[in-house]
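Pasting upload-v8.cif here (mmCIF, C-alpha atoms):
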data_coords
loop_
_atom_site.label_atom_id
_atom_site.label_comp_id
_atom_site.auth_asym_id
_atom_site.auth_seq_id
_atom_site.Cartn_x
_atom_site.Cartn_y
_atom_site.Cartn_z
CA MET A 2 -97.06 63.15 -28.28
CA TYR A 3 -95.19 64.91 -25.47
CA ARG A 4 -94.03 61.59 -24.06
CA LYS A 5 -92.84 60.50 -27.50
CA LEU A 6 -90.94 63.75 -27.93
CA PHE A 7 -89.38 64.12 -24.47
CA GLY A 8 -89.53 60.66 -22.87
CA ASP A 9 -88.48 60.81 -19.23
CA GLY A 10 -86.22 63.80 -19.98
CA ARG A 11 -83.05 61.96 -18.96
CA HIS A 12 -81.35 62.80 -22.27
CA VAL A 13 -81.40 66.50 -21.36
CA GLY A 14 -80.78 66.10 -17.64
CA LEU A 15 -84.42 66.36 -16.58
CA ASN A 16 -86.88 64.12 -14.76
CA ILE A 17 -90.26 64.34 -16.48
CA SER A 18 -93.42 62.65 -15.20
CA TYR A 19 -96.77 62.40 -16.97
CA GLU A 20 -100.41 62.22 -16.00
CA ILE A 21 -103.30 62.27 -18.46
CA GLN A 22 -106.52 64.26 -18.32
CA ASN A 23 -108.93 61.90 -20.06
CA GLU A 24 -111.72 64.44 -20.49
CA PRO A 25 -111.67 68.25 -20.89
CA ASN A 26 -112.82 68.91 -17.35
CA GLY A 27 -111.04 72.22 -16.93
CA ILE A 28 -107.55 73.48 -16.14
CA ALA A 29 -107.97 73.30 -12.36
CA GLU A 30 -108.41 69.53 -12.59
CA ALA A 31 -104.64 69.40 -13.21
CA PHE A 32 -104.06 69.88 -9.49
CA ILE A 33 -106.34 66.96 -8.65
CA ILE A 34 -104.81 64.67 -11.27
CA GLY A 35 -101.30 65.68 -10.22
CA GLN A 36 -101.82 65.72 -6.46
CA ASN A 37 -99.48 62.76 -5.86
CA PHE A 38 -96.76 64.56 -7.77
CA ILE A 39 -97.39 67.83 -5.94
CA ALA A 40 -97.47 66.12 -2.51
CA ASP A 41 -96.81 68.80 0.16
CA ASP A 42 -95.03 71.20 -2.15
CA SER A 43 -95.99 74.42 -3.87
CA VAL A 44 -96.66 74.15 -7.59
CA THR A 45 -96.35 76.15 -10.80
CA LEU A 46 -98.73 75.63 -13.72
CA ILE A 47 -98.14 76.81 -17.28
CA LEU A 48 -100.58 76.21 -20.11
CA GLY A 49 -99.11 74.28 -23.01
CA ASP A 50 -100.17 76.82 -25.65
CA ASN A 51 -98.62 79.82 -23.87
CA ILE A 52 -95.19 81.17 -24.83
CA PHE A 53 -93.22 83.75 -22.84
CA TYR A 54 -90.28 85.34 -24.65
CA GLY A 55 -87.86 87.67 -22.90
CA LYS A 56 -86.51 87.99 -19.38
CA LEU A 57 -88.27 85.82 -16.81
CA ASP A 58 -87.37 87.88 -13.75
CA TYR A 59 -91.04 88.32 -12.84
CA LEU A 60 -91.40 84.53 -12.58
CA TYR A 61 -88.12 83.93 -10.75
CA ASN A 62 -88.98 86.62 -8.22
CA ALA A 63 -92.38 85.05 -7.62
CA LEU A 64 -90.82 81.62 -7.09
CA ASP A 65 -88.13 82.97 -4.74
CA LYS A 66 -90.55 84.72 -2.41
CA HIS A 67 -93.42 82.28 -2.75
CA ASN A 68 -94.46 80.28 0.30
CA ASN A 69 -98.04 81.33 0.98
CA GLY A 70 -101.00 82.08 -1.27
CA ALA A 71 -100.95 82.48 -5.04
CA THR A 72 -99.14 84.59 -7.61
CA ILE A 73 -100.55 85.22 -11.06
CA PHE A 74 -99.52 87.71 -13.73
CA ALA A 75 -101.11 90.47 -15.75
CA TYR A 76 -100.23 91.47 -19.31
CA ARG A 77 -101.64 94.46 -21.23
CA VAL A 78 -103.56 93.44 -24.38
CA ASN A 79 -105.52 95.19 -27.13
CA ASP A 80 -108.46 92.77 -27.02
CA PRO A 81 -109.22 92.14 -23.33
CA GLU A 82 -112.66 90.67 -24.06
CA ARG A 83 -110.89 87.50 -25.26
CA TYR A 84 -109.20 86.77 -21.93
CA GLY A 85 -109.56 86.50 -18.21
CA ILE A 86 -109.18 90.10 -17.01
CA VAL A 87 -107.96 91.44 -13.69
CA GLU A 88 -109.15 94.78 -12.31
CA PHE A 89 -106.91 96.94 -10.08
CA ASP A 90 -107.75 99.69 -7.61
CA GLU A 91 -105.95 103.05 -7.53
CA ASN A 92 -103.16 101.49 -5.46
CA GLY A 93 -102.52 98.72 -7.98
CA LYS A 94 -104.15 96.01 -5.87
CA ALA A 95 -106.22 93.39 -7.67
CA ILE A 96 -109.90 93.67 -6.74
CA SER A 97 -111.74 91.52 -9.30
CA ILE A 98 -111.27 88.86 -11.96
CA GLU A 99 -113.62 88.25 -14.88
CA GLU A 100 -113.48 85.60 -17.58
CA LYS A 101 -113.88 87.02 -21.12
CA PRO A 102 -116.02 90.02 -20.07
CA THR A 103 -118.14 91.87 -22.62
CA ASP A 104 -117.27 95.11 -20.86
CA PRO A 105 -113.67 94.68 -19.57
CA LYS A 106 -112.73 96.65 -16.46
CA SER A 107 -109.07 96.81 -17.50
CA GLU A 108 -106.72 95.99 -20.36
CA TYR A 109 -104.75 93.48 -18.27
CA ALA A 110 -105.20 89.85 -19.26
CA ILE A 111 -104.11 86.92 -17.10
CA PRO A 112 -101.60 84.72 -18.97
CA GLY A 113 -101.52 80.96 -18.51
CA LEU A 114 -98.79 81.03 -15.85
CA TYR A 115 -99.67 80.50 -12.18
CA VAL A 116 -97.77 79.91 -8.93
CA TYR A 117 -99.69 78.38 -6.01
CA ASP A 118 -99.08 77.10 -2.52
CA ASN A 119 -100.24 73.61 -1.58
CA GLN A 120 -103.77 74.78 -0.74
CA VAL A 121 -104.55 74.78 -4.47
CA VAL A 122 -105.17 71.03 -4.40
CA GLU A 123 -107.97 71.23 -1.83
CA ILE A 124 -109.34 74.41 -3.40
CA SER A 125 -109.61 72.64 -6.76
CA LYS A 126 -111.29 69.61 -5.17
CA ASN A 127 -113.97 71.86 -3.67
CA LEU A 128 -114.72 73.87 -6.80
CA LYS A 129 -118.13 73.70 -8.40
CA PRO A 130 -118.02 73.12 -12.17
CA SER A 131 -118.75 76.16 -14.31
CA GLU A 132 -121.65 76.41 -16.76
CA ARG A 133 -119.41 74.59 -19.24
CA GLY A 134 -119.04 71.74 -16.76
CA GLU A 135 -115.38 72.53 -16.14
CA LEU A 136 -113.23 73.34 -13.12
CA ASP A 137 -112.11 76.83 -14.10
CA ILE A 138 -108.71 78.21 -13.12
CA THR A 139 -110.38 81.63 -12.80
CA ASP A 140 -112.47 80.27 -9.93
CA VAL A 141 -109.30 79.06 -8.19
CA ASN A 142 -107.84 82.56 -8.46
CA LYS A 143 -111.07 84.07 -7.11
CA VAL A 144 -110.82 81.88 -4.00
CA TYR A 145 -107.33 83.19 -3.32
CA LEU A 146 -108.51 86.73 -4.03
CA GLU A 147 -111.35 86.39 -1.51
CA LYS A 148 -108.85 85.13 1.08
CA ASN A 149 -106.62 88.15 0.36
CA LYS A 150 -103.87 85.75 -0.67
CA LEU A 151 -103.63 86.58 -4.36
CA ASP A 152 -100.61 88.52 -5.62
CA VAL A 153 -100.91 89.87 -9.18
CA VAL A 154 -97.65 90.91 -10.85
CA LYS A 155 -97.76 93.08 -13.97
CA ILE A 156 -95.45 91.93 -16.75
CA GLY A 157 -93.86 95.03 -18.24
CA ARG A 158 -92.14 95.91 -21.49
CA GLY A 159 -89.57 93.62 -23.04
CA VAL A 160 -91.61 90.44 -22.65
CA ALA A 161 -93.72 88.92 -25.41
CA TRP A 162 -96.62 86.73 -24.30
CA LEU A 163 -98.07 84.62 -27.10
CA ASP A 164 -101.21 82.54 -26.66
CA THR A 165 -101.09 80.03 -29.52
CA GLY A 166 -104.49 78.47 -28.92
CA THR A 167 -105.77 79.11 -32.44
CA PRO A 168 -104.26 78.33 -35.88
CA GLU A 169 -103.93 82.06 -36.58
CA ALA A 170 -102.11 82.70 -33.31
CA LEU A 171 -99.84 79.70 -33.90
CA LEU A 172 -98.90 81.09 -37.31
CA GLN A 173 -98.15 84.50 -35.77
CA ALA A 174 -95.88 82.86 -33.20
CA SER A 175 -94.09 80.89 -35.92
CA ASN A 176 -93.49 84.06 -37.92
CA PHE A 177 -92.37 85.94 -34.80
CA PHE A 178 -89.73 83.39 -33.84
CA GLY A 179 -88.77 82.75 -37.45
CA VAL A 180 -87.70 86.38 -37.81
CA ILE A 181 -85.76 86.33 -34.52
CA GLU A 182 -83.94 83.09 -35.36
CA ASP A 183 -83.10 84.22 -38.90
CA ARG A 184 -81.69 87.54 -37.71
CA GLN A 185 -79.68 86.19 -34.77
CA GLY A 186 -78.72 82.78 -36.07
CA LEU A 187 -79.76 81.39 -32.68
CA LYS A 188 -82.55 78.98 -31.82
CA VAL A 189 -85.22 80.08 -29.34
CA ALA A 190 -85.72 77.62 -26.45
CA CYS A 191 -83.54 74.87 -27.92
CA ILE A 192 -83.82 72.37 -25.07
CA GLU A 193 -80.55 70.56 -25.87
CA GLU A 194 -78.64 73.84 -26.00
CA ILE A 195 -80.09 75.01 -22.69
CA ALA A 196 -79.31 71.68 -21.02
CA TYR A 197 -75.73 71.80 -22.29
CA LEU A 198 -75.04 75.42 -21.32
CA LYS A 199 -76.62 74.91 -17.89
CA GLY A 200 -74.46 71.85 -17.25
CA PHE A 201 -77.37 69.40 -17.13
CA ILE A 202 -75.58 67.25 -19.73
CA THR A 203 -71.91 66.84 -20.61
CA THR A 204 -70.19 67.41 -23.96
CA GLU A 205 -70.05 63.65 -24.50
CA GLU A 206 -73.76 63.27 -23.73
CA LEU A 207 -74.59 66.03 -26.19
CA LYS A 208 -72.47 64.32 -28.87
CA LYS A 209 -74.32 61.03 -28.38
CA LEU A 210 -77.64 62.86 -28.51
CA ILE A 211 -76.77 64.61 -31.77
CA ASP A 212 -75.76 61.29 -33.35
CA THR A 213 -79.32 60.01 -32.89
CA TYR A 214 -80.84 62.90 -34.88
CA PRO A 215 -81.45 62.74 -38.65
CA ASN A 216 -79.69 65.20 -40.93
CA SER A 217 -81.45 68.54 -40.60
CA THR A 218 -80.86 72.22 -39.96
CA TYR A 219 -81.63 71.51 -36.29
CA LYS A 220 -78.87 68.90 -36.11
CA ASN A 221 -76.49 71.29 -37.87
CA TYR A 222 -77.28 73.94 -35.29
CA LEU A 223 -76.39 71.60 -32.44
CA LEU A 224 -73.18 70.53 -34.19
CA LYS A 225 -72.21 74.18 -34.51
CA LEU A 226 -72.88 74.64 -30.80
CA LEU A 227 -70.65 71.66 -30.05
CA ASN A 228 -67.79 73.09 -32.09
CA GLU A 229 -67.90 76.61 -30.64
#

Written as structure tokens, that's how I'd like the structure from this file.
Amino acid sequence: MYRKLFGDGRHVGLNISYEIQNEPNGIAEAFIIGQNFIADDSVTLILGDNIFYGKLDYLYNALDKHNNGATIFAYRVNDPERYGIVEFDENGKAISIEEKPTDPKSEYAIPGLYVYDNQVVEISKNLKPSERGELDITDVNKVYLEKNKLDVVKIGRGVAWLDTGTPEALLQASNFFGVIEDRQGLKVACIEEIAYLKGFITTEELKKLIDTYPNSTYKNYLLKLLNE
């Protein structure tokens, strides 16, 4: 479905590659499946059902300074027992990580956004499957924590993190962005608009792209962008 939607990304100035996880063997298997793509580089992983709305300074800062170890993020939630939870000491240093604890040690959940150095590939290869038979991303983070190479950055106010992994959560996200788009008259994360404004594609390329779309409010939005 993603390949059908985005292709190789050339139409929006991107270069998109695909690998398939044939069985649900855990998130950490992504680094094993994608090791040829990662090669000797660092790597960022984002879960497909996670949405981050607002300024992304926390991510950009992590990418700019990142060359050793791992950086993950922490977001305050009302229902920490539903998530992987990170515990901090009095100095704000992460000291433990628990997956969906019955008695959470903090209110800070770990969103599905991770930045790792190249060691993550070998770490993932050496993981033992969890009780569910999966290679858990939490176990990857624990390895970095034990090596004292895990940086946990708290995401503050002004950023909405939405985990749309259930039908109810997906509906909430739809309502959330529906209100924002209706009030502002602007699309959230319109990939063609971003590519155009960032200079990834030219005006002529955007025109040709719009011509391939059926009549819709989405097409009308892009035509308005073109005429501004």

Problem - Two-atom distance - CA of Leu114 (chain A), CA of Gly10 (chain A) (Å) - result: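 Distance reported for this atom pair: 21.7 Å.
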
Could you list, as a ChimeraX atom specification, every residue matched by the PyMOL selection byres ((chain A and resi 207) around 12) in this structure? /A:11-14,192-198,200-206,208-214,220,223-228

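Across the chains present, the PyMOL selection byres ((chain A and resi 129) around 12) applied to this file returns A:Asn26, A:Gly27, A:Ala29, A:Glu30, A:Ile124, A:Ser125, A:Lys126, A:Asn127, A:Leu128, A:Pro130, A:Ser131, A:Glu132, A:Arg133, A:Gly134, A:Glu135, A:Leu136, A:Asp137, A:Ile138, A:Thr139, A:Asp140, A:Val141, A:Val144.
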
Tell me which of A:Glu108, A:Asp164, A:Asp118, A:Glu229 sits closest to Ile73 (chain A), counting all atoms listed in the file.
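For Ile73 (chain A), the nearest of the given residues is A:Asp118.
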
Got a sec to resolve the PyMOL selection byres ((chain A and resi 19) around 12) on this structure and send the residues as a PyMOL selection string?
-> chain A and resi 2-5+7-10+16-18+20-22+31+34-35+37-38

Open item on the list: Around (-103.2, 92.1, -14.0), as given in the file, which residues come within 12 Å? Count all atoms listed in the file and list them as number ranges by chain.
Closed with: A: 72-78, 81, 84-90, 93-99, 106-112, 142, 151-157

A straight line from CA of Arg158 (chain A) to CA of Thr103 (chain A) spans 26.3 Å

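CA of Glu82 (chain A) sits 28.3 Å away from CA of Val44 (chain A).
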
Worksheet item: Which is closer to Lys150 (chain A) than all the others in A:Leu171, A:Val116, A:Ala71, A:Val180, using all atoms listed in the file?
Response: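 Among A:Leu171, A:Val116, A:Ala71, A:Val180, it is A:Ala71 that comes nearest to Lys150 (chain A).
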
If we count all atoms listed in the file and set the cut-off at 9 Å, which residues sit around Phe178 (chain A), ignoring sequence neighbours fewer than 5 positions away in its own chain? Please answer as a ChimeraX atom specification.
/A:173,183,188-189

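Each of A:Val160, A:Leu15, A:Ile39, A:Val122 was compared to Ile52 (chain A) using all atoms listed in the file, and A:Val160 turns out to be the nearest.
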
Centre and size of axis-aligned box enclosing region 6-18 of chain A plus 6 Å each side, as lines of an AutoDock Vina configuration file:
center_x = -87.1
center_y = 63.6
center_z = -21.3
size_x = 24.6
size_y = 17.8
size_z = 25.2

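Among A:Tyr219, A:Phe177, A:Phe32, A:Tyr145, the residue with the shortest atom-to-atom distance to Glu123 (chain A), counting only C-alpha atoms, is A:Phe32.
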